[in-house]
Amino acid sequence: MKRISVTVNGVRHEADVEPRTLLVHFIREQLELTGTNVGCDTSSCGACTILMNGQSAKSCTVLAVQADGAEVTTVEGLVSNGDWHPVQKAFHEQHGLQCGFCTPGMMMAAVGYLDENPSPTEDEVRLALEGNLCRCTGYHNIVKAVLAAADDMGS
Amino acid sequence: MIPASFDYERASSLDEALSLLAAGGEDARPLAGGHSLLPLMRLRLARPSLLVDIGGLDELRGVHDDGDSVTIGALTTHHEVAGAAALTGGSGLIAKVAGGIGDPQVRHRGTLGGSVAHADPASDLPAALLALDAEVTLAGPGGTRSVAAADFFIGPFMSAADDGEIVTGVRVPKQEGWGSAYQKFQRRAQDWAIVGVAAVVNWTDSGIAGAAIGLTNMGGTPLRARAVEAALTGTSEKAQILEAVSKVSELETPPADENASSEYRLHLAQVLIARAVAEAAGCPGMQR
């Protein structure tokens, strides 16, 4: 076992983990933050997307030990003082989800991207979400939601 | 799936990493971003006994402008390489290629050194390094050395790096005044390239004064299309370029797999070389 210290959603956690524990399993099973989903388990679908030191990452392809010392944000960390993040609001208002499984990863990828590019074009949003798959094929409203969130955050 | 058990050590210096690898024996592996190694470990196609995490070695991170060449540290992420201002001229090819690897999440974690060390014949960076006559720098128990990209990739997932050696970076000639392009064909977003073409072209008033073409997934290693390069030199018209690209048939027959037959790969290579050369030359009129 290895001792790690990871700050998740602003709270520092010290824990013992097996080296082979994937970050997504640490988040879901040890921290019991189950908003982050495991989808494909092959680094393709993006359902497990979190922010690691501010950048989007697929937490199924990171070892928990690699996150020692890192700042991690999961979908649970988007709410601040009980208020939804503009990206969460926009996904709700634009109906940016159908079954909802890909939604946490989509929102985390979007939050990370809007931090990098606050006023993207539609094409840029589509490219930025290249690493997130929606099996309901609800992309149209997902893209609309990200654009609406960008507008909201810029105003 | 969860990887098989392994030991894990985080190195705090390159020397410490090399000692840990040496002590760990032939099944010890360095770990950087893990975006090639961890997927293999999850499928249990790789079962290292020890991972030596070099992710914290800041000395291996960053893009340095050395005048007529650029040095890129092994731990520089694809995202960082894609945005590196020092990669100008022909070396801009590396930034273009890095910006198209995987997806944003993969580019945030995946590293240049990891991709190079993995030596996957379908990965994009090796062909670009080959086209630019780049050098791969290595550190091992016996010291440091550099190996030309042409000598580094020796087979599918096989490189000239010895057990216990770590790829520390690459040195890329800038080739000021040259243009570059990377064209790859994939059936779905994120897929490996069925064929990829890395081109650098020296376009002058009298046409193409020099060209270098690296090919992805046309063999067990990245390949140079030398016959095409020679035929391109001195050309300036679209018809001449199309004639030159047909010389790609002089290469050894490319592999066939579930994505493409050998004939289809040869066809794709010709189409993509023509597009990449036109784009690198900066002549939109010659495209398509």
# chains A, B, ... in the order shown; residues from 1 in each chain; ligands from 1
call {"tool": "select_by_dssp", "arguments": {"residues": "segment 104-147 of chain B", "states": "strand (DSSP E or B)", "output": "list in words"}}
result
Thr111, Glu135, Val136, Thr137, Leu138, Ala139, Gly140, Gly143, Thr144, Arg145, Ser146 and Val147 of chain B
call {"tool": "residues_around", "arguments": {"residues": "Val201 of chain B", "least_positions_apart": "5", "cutoff": "6 Å", "atoms": "only C-alpha atoms", "output": "NGL selection string"}}
result
:B and (178-179 or 210-211 or 280-281)
call {"tool": "interface_residues", "arguments": {"of": "chain B", "to": "chain A", "cutoff": "8 Å", "atoms": "only C-alpha atoms", "output": "PyMOL selection string"}}
result
chain B and resi 1-8+33-35+38-39+53+55+102-106+108-109+189-190
call {"tool": "write_last_selection", "arguments": {"atoms": "N, CA and C atoms", "output": "short mmCIF file (atom, residue, chain, number, x, y, z; two decimals), in the first residue's frame"}}
result
data_model
loop_
_atom_site.label_atom_id
_atom_site.label_comp_id
_atom_site.auth_asym_id
_atom_site.auth_seq_id
_atom_site.Cartn_x
_atom_site.Cartn_y
_atom_site.Cartn_z
N MET B 1 -10.99 -2.90 -16.63
CA MET B 1 -10.33 -3.89 -15.80
C MET B 1 -9.22 -3.27 -14.95
N ILE B 2 -8.87 -3.97 -13.91
CA ILE B 2 -7.85 -3.46 -12.99
C ILE B 2 -6.53 -4.15 -13.34
N PRO B 3 -5.44 -3.41 -13.39
CA PRO B 3 -4.16 -4.03 -13.75
C PRO B 3 -3.74 -5.08 -12.72
N ALA B 4 -2.85 -6.00 -13.16
CA ALA B 4 -2.23 -6.94 -12.22
C ALA B 4 -1.38 -6.14 -11.22
N SER B 5 -1.10 -6.75 -10.09
CA SER B 5 -0.34 -6.04 -9.05
C SER B 5 1.08 -5.70 -9.51
N PHE B 6 1.57 -4.63 -9.00
CA PHE B 6 2.95 -4.23 -9.29
C PHE B 6 3.44 -3.37 -8.13
N ASP B 7 4.75 -3.24 -8.05
CA ASP B 7 5.31 -2.30 -7.08
C ASP B 7 5.42 -0.94 -7.74
N TYR B 8 5.44 0.08 -6.91
CA TYR B 8 5.45 1.44 -7.43
C TYR B 8 6.42 2.29 -6.63
N GLY B 33 3.05 9.80 -18.25
CA GLY B 33 1.62 10.06 -18.21
C GLY B 33 0.80 8.79 -18.11
N GLY B 34 1.38 7.70 -18.58
CA GLY B 34 0.71 6.40 -18.49
C GLY B 34 -0.33 6.16 -19.56
N HIS B 35 -0.41 7.04 -20.57
CA HIS B 35 -1.50 6.89 -21.53
C HIS B 35 -1.25 5.87 -22.63
N LEU B 38 -0.77 2.31 -19.24
CA LEU B 38 -1.89 1.90 -18.38
C LEU B 38 -3.00 1.18 -19.16
N PRO B 39 -3.37 1.64 -20.37
CA PRO B 39 -4.37 0.86 -21.12
C PRO B 39 -3.91 -0.58 -21.38
N ASP B 53 7.80 5.87 -11.28
CA ASP B 53 7.08 7.06 -11.73
C ASP B 53 8.07 8.21 -11.88
N GLY B 55 7.07 10.99 -13.35
CA GLY B 55 6.19 12.15 -13.61
C GLY B 55 6.57 13.42 -12.87
N GLY B 102 -5.08 11.66 -30.02
CA GLY B 102 -6.16 11.29 -29.09
C GLY B 102 -7.24 12.35 -28.99
N ASP B 103 -7.44 12.85 -27.80
CA ASP B 103 -8.45 13.87 -27.53
C ASP B 103 -7.88 14.80 -26.46
N PRO B 104 -8.61 15.88 -26.10
CA PRO B 104 -8.01 16.83 -25.15
C PRO B 104 -7.56 16.19 -23.84
N GLN B 105 -8.37 15.28 -23.30
CA GLN B 105 -8.00 14.66 -22.02
C GLN B 105 -6.69 13.87 -22.16
N VAL B 106 -6.56 13.16 -23.27
CA VAL B 106 -5.35 12.36 -23.52
C VAL B 106 -4.15 13.29 -23.69
N HIS B 108 -3.72 16.15 -22.36
CA HIS B 108 -3.33 16.76 -21.09
C HIS B 108 -2.41 15.87 -20.27
N ARG B 109 -2.50 14.55 -20.46
CA ARG B 109 -1.73 13.62 -19.63
C ARG B 109 -0.62 12.91 -20.41
N ALA B 189 -13.37 9.43 -34.62
CA ALA B 189 -12.55 10.30 -33.78
C ALA B 189 -11.77 9.42 -32.82
N GLN B 190 -10.56 9.78 -32.49
CA GLN B 190 -9.68 9.10 -31.53
C GLN B 190 -9.04 7.84 -32.06
#
call {"tool": "closest_residue", "arguments": {"among": "B:Gly56, B:Pro30, B:Gly99, B:Gly62", "to": "Asp68 of chain A", "atoms": "only C-alpha atoms"}}
result
B:Gly56
call {"tool": "residues_around", "arguments": {"residues": "Val11 of chain A", "least_positions_apart": "2", "cutoff": "12 Å", "atoms": "only C-alpha atoms", "output": "NGL selection string"}}
result
:A and (5-9 or 13-14 or 31 or 70-74 or 76-77)
call {"tool": "write_last_selection", "arguments": {"atoms": "N, CA and C atoms", "output": "compact mmCIF listing (two decimals), in the first residue's frame"}}
result
# COMPACT_ATOMS: atom_id res chain seq x y z
N SER A 5 -1.90 11.69 -0.66
CA SER A 5 -2.67 12.83 -0.18
C SER A 5 -3.21 13.55 -1.42
N VAL A 6 -4.51 13.55 -1.58
CA VAL A 6 -5.13 14.16 -2.76
C VAL A 6 -6.20 15.14 -2.30
N THR A 7 -6.20 16.31 -2.89
CA THR A 7 -7.25 17.28 -2.57
C THR A 7 -8.37 17.14 -3.60
N VAL A 8 -9.55 16.73 -3.13
CA VAL A 8 -10.68 16.51 -4.04
C VAL A 8 -11.78 17.49 -3.66
N ASN A 9 -12.18 18.29 -4.62
CA ASN A 9 -13.22 19.31 -4.40
C ASN A 9 -12.91 20.17 -3.18
N HIS A 13 -7.63 14.64 1.28
CA HIS A 13 -7.83 13.26 1.74
C HIS A 13 -6.49 12.56 1.82
N GLU A 14 -6.20 11.94 2.98
CA GLU A 14 -5.03 11.08 3.10
C GLU A 14 -5.56 9.65 3.06
N LEU A 31 -13.65 7.38 -1.72
CA LEU A 31 -14.22 8.67 -1.32
C LEU A 31 -15.74 8.67 -1.45
N ALA A 70 -2.04 16.08 -5.98
CA ALA A 70 -2.79 16.82 -7.00
C ALA A 70 -4.08 17.40 -6.42
N GLU A 71 -4.60 18.37 -7.16
CA GLU A 71 -5.93 18.95 -6.89
C GLU A 71 -6.88 18.35 -7.90
N VAL A 72 -7.91 17.68 -7.43
CA VAL A 72 -8.86 17.03 -8.31
C VAL A 72 -10.23 17.67 -8.12
N THR A 73 -10.93 17.90 -9.22
CA THR A 73 -12.33 18.34 -9.14
C THR A 73 -13.20 17.31 -9.83
N THR A 74 -14.24 16.86 -9.14
CA THR A 74 -15.21 15.96 -9.75
C THR A 74 -16.51 16.73 -9.94
N GLU A 76 -19.17 16.55 -8.43
CA GLU A 76 -19.75 17.00 -7.16
C GLU A 76 -19.17 18.35 -6.72
N GLY A 77 -17.98 18.66 -7.22
CA GLY A 77 -17.31 19.90 -6.82
C GLY A 77 -17.73 21.10 -7.64
call {"tool": "residues_around", "arguments": {"residues": "segment 134-138 of chain B", "least_positions_apart": "3", "cutoff": "12 Å", "atoms": "only C-alpha atoms", "output": "PyMOL selection string"}}
result
chain B and resi 14+18+60+69-74+90-91+93-94+112-117+119+125-131+141-153+159-175+214
call {"tool": "select_by_dssp", "arguments": {"residues": "chain A", "states": "alpha helix (DSSP H)", "output": "ChimeraX atom specification"}}
result
/A:23-25,86-93,103-116,122-128,139-154
call {"tool": "atom_distance", "arguments": {"atom1": "atom CA of Val195 of chain B", "atom2": "atom CA of Asn217 of chain B"}}
result
5.4 Å
call {"tool": "residues_around", "arguments": {"residues": "Ser119 of chain A", "least_positions_apart": "3", "cutoff": "8 Å", "atoms": "only C-alpha atoms", "output": "VMD selection string"}}
result
chain A and resid 114 147 150 to 151 154
call {"tool": "write_last_selection", "arguments": {"atoms": "N, CA and C atoms", "output": "PDB file, in the first residue's frame"}}
result
ATOM      1  N   LEU A 114     -13.820  25.447 -21.210  1.00  0.00           N
ATOM      2  CA  LEU A 114     -14.240  26.859 -21.153  1.00  0.00           C
ATOM      3  C   LEU A 114     -13.253  27.702 -20.348  1.00  0.00           C
ATOM      4  N   LEU A 147     -22.331  25.979 -25.356  1.00  0.00           N
ATOM      5  CA  LEU A 147     -22.332  27.342 -25.903  1.00  0.00           C
ATOM      6  C   LEU A 147     -23.140  28.278 -25.008  1.00  0.00           C
ATOM      7  N   ALA A 150     -21.120  29.122 -22.003  1.00  0.00           N
ATOM      8  CA  ALA A 150     -20.077  30.100 -22.327  1.00  0.00           C
ATOM      9  C   ALA A 150     -20.662  31.506 -22.337  1.00  0.00           C
ATOM     10  N   ASP A 151     -21.849  31.640 -22.942  1.00  0.00           N
ATOM     11  CA  ASP A 151     -22.538  32.943 -22.968  1.00  0.00           C
ATOM     12  C   ASP A 151     -22.815  33.422 -21.555  1.00  0.00           C
ATOM     13  N   GLY A 154     -19.744  34.446 -19.699  1.00  0.00           N
ATOM     14  CA  GLY A 154     -19.094  35.641 -20.238  1.00  0.00           C
ATOM     15  C   GLY A 154     -19.879  36.905 -19.924  1.00  0.00           C
TER      16      GLY A 154
END
call {"tool": "atom_distance", "arguments": {"atom1": "atom CA of Glu122 of chain A", "atom2": "atom CA of Cys136 of chain A"}}
result
19.8 Å
call {"tool": "closest_residue", "arguments": {"among": "B:Asn202, B:Thr216, B:Thr253, B:Ser262", "to": "Lys184 of chain B", "atoms": "only C-alpha atoms"}}
result
B:Thr216
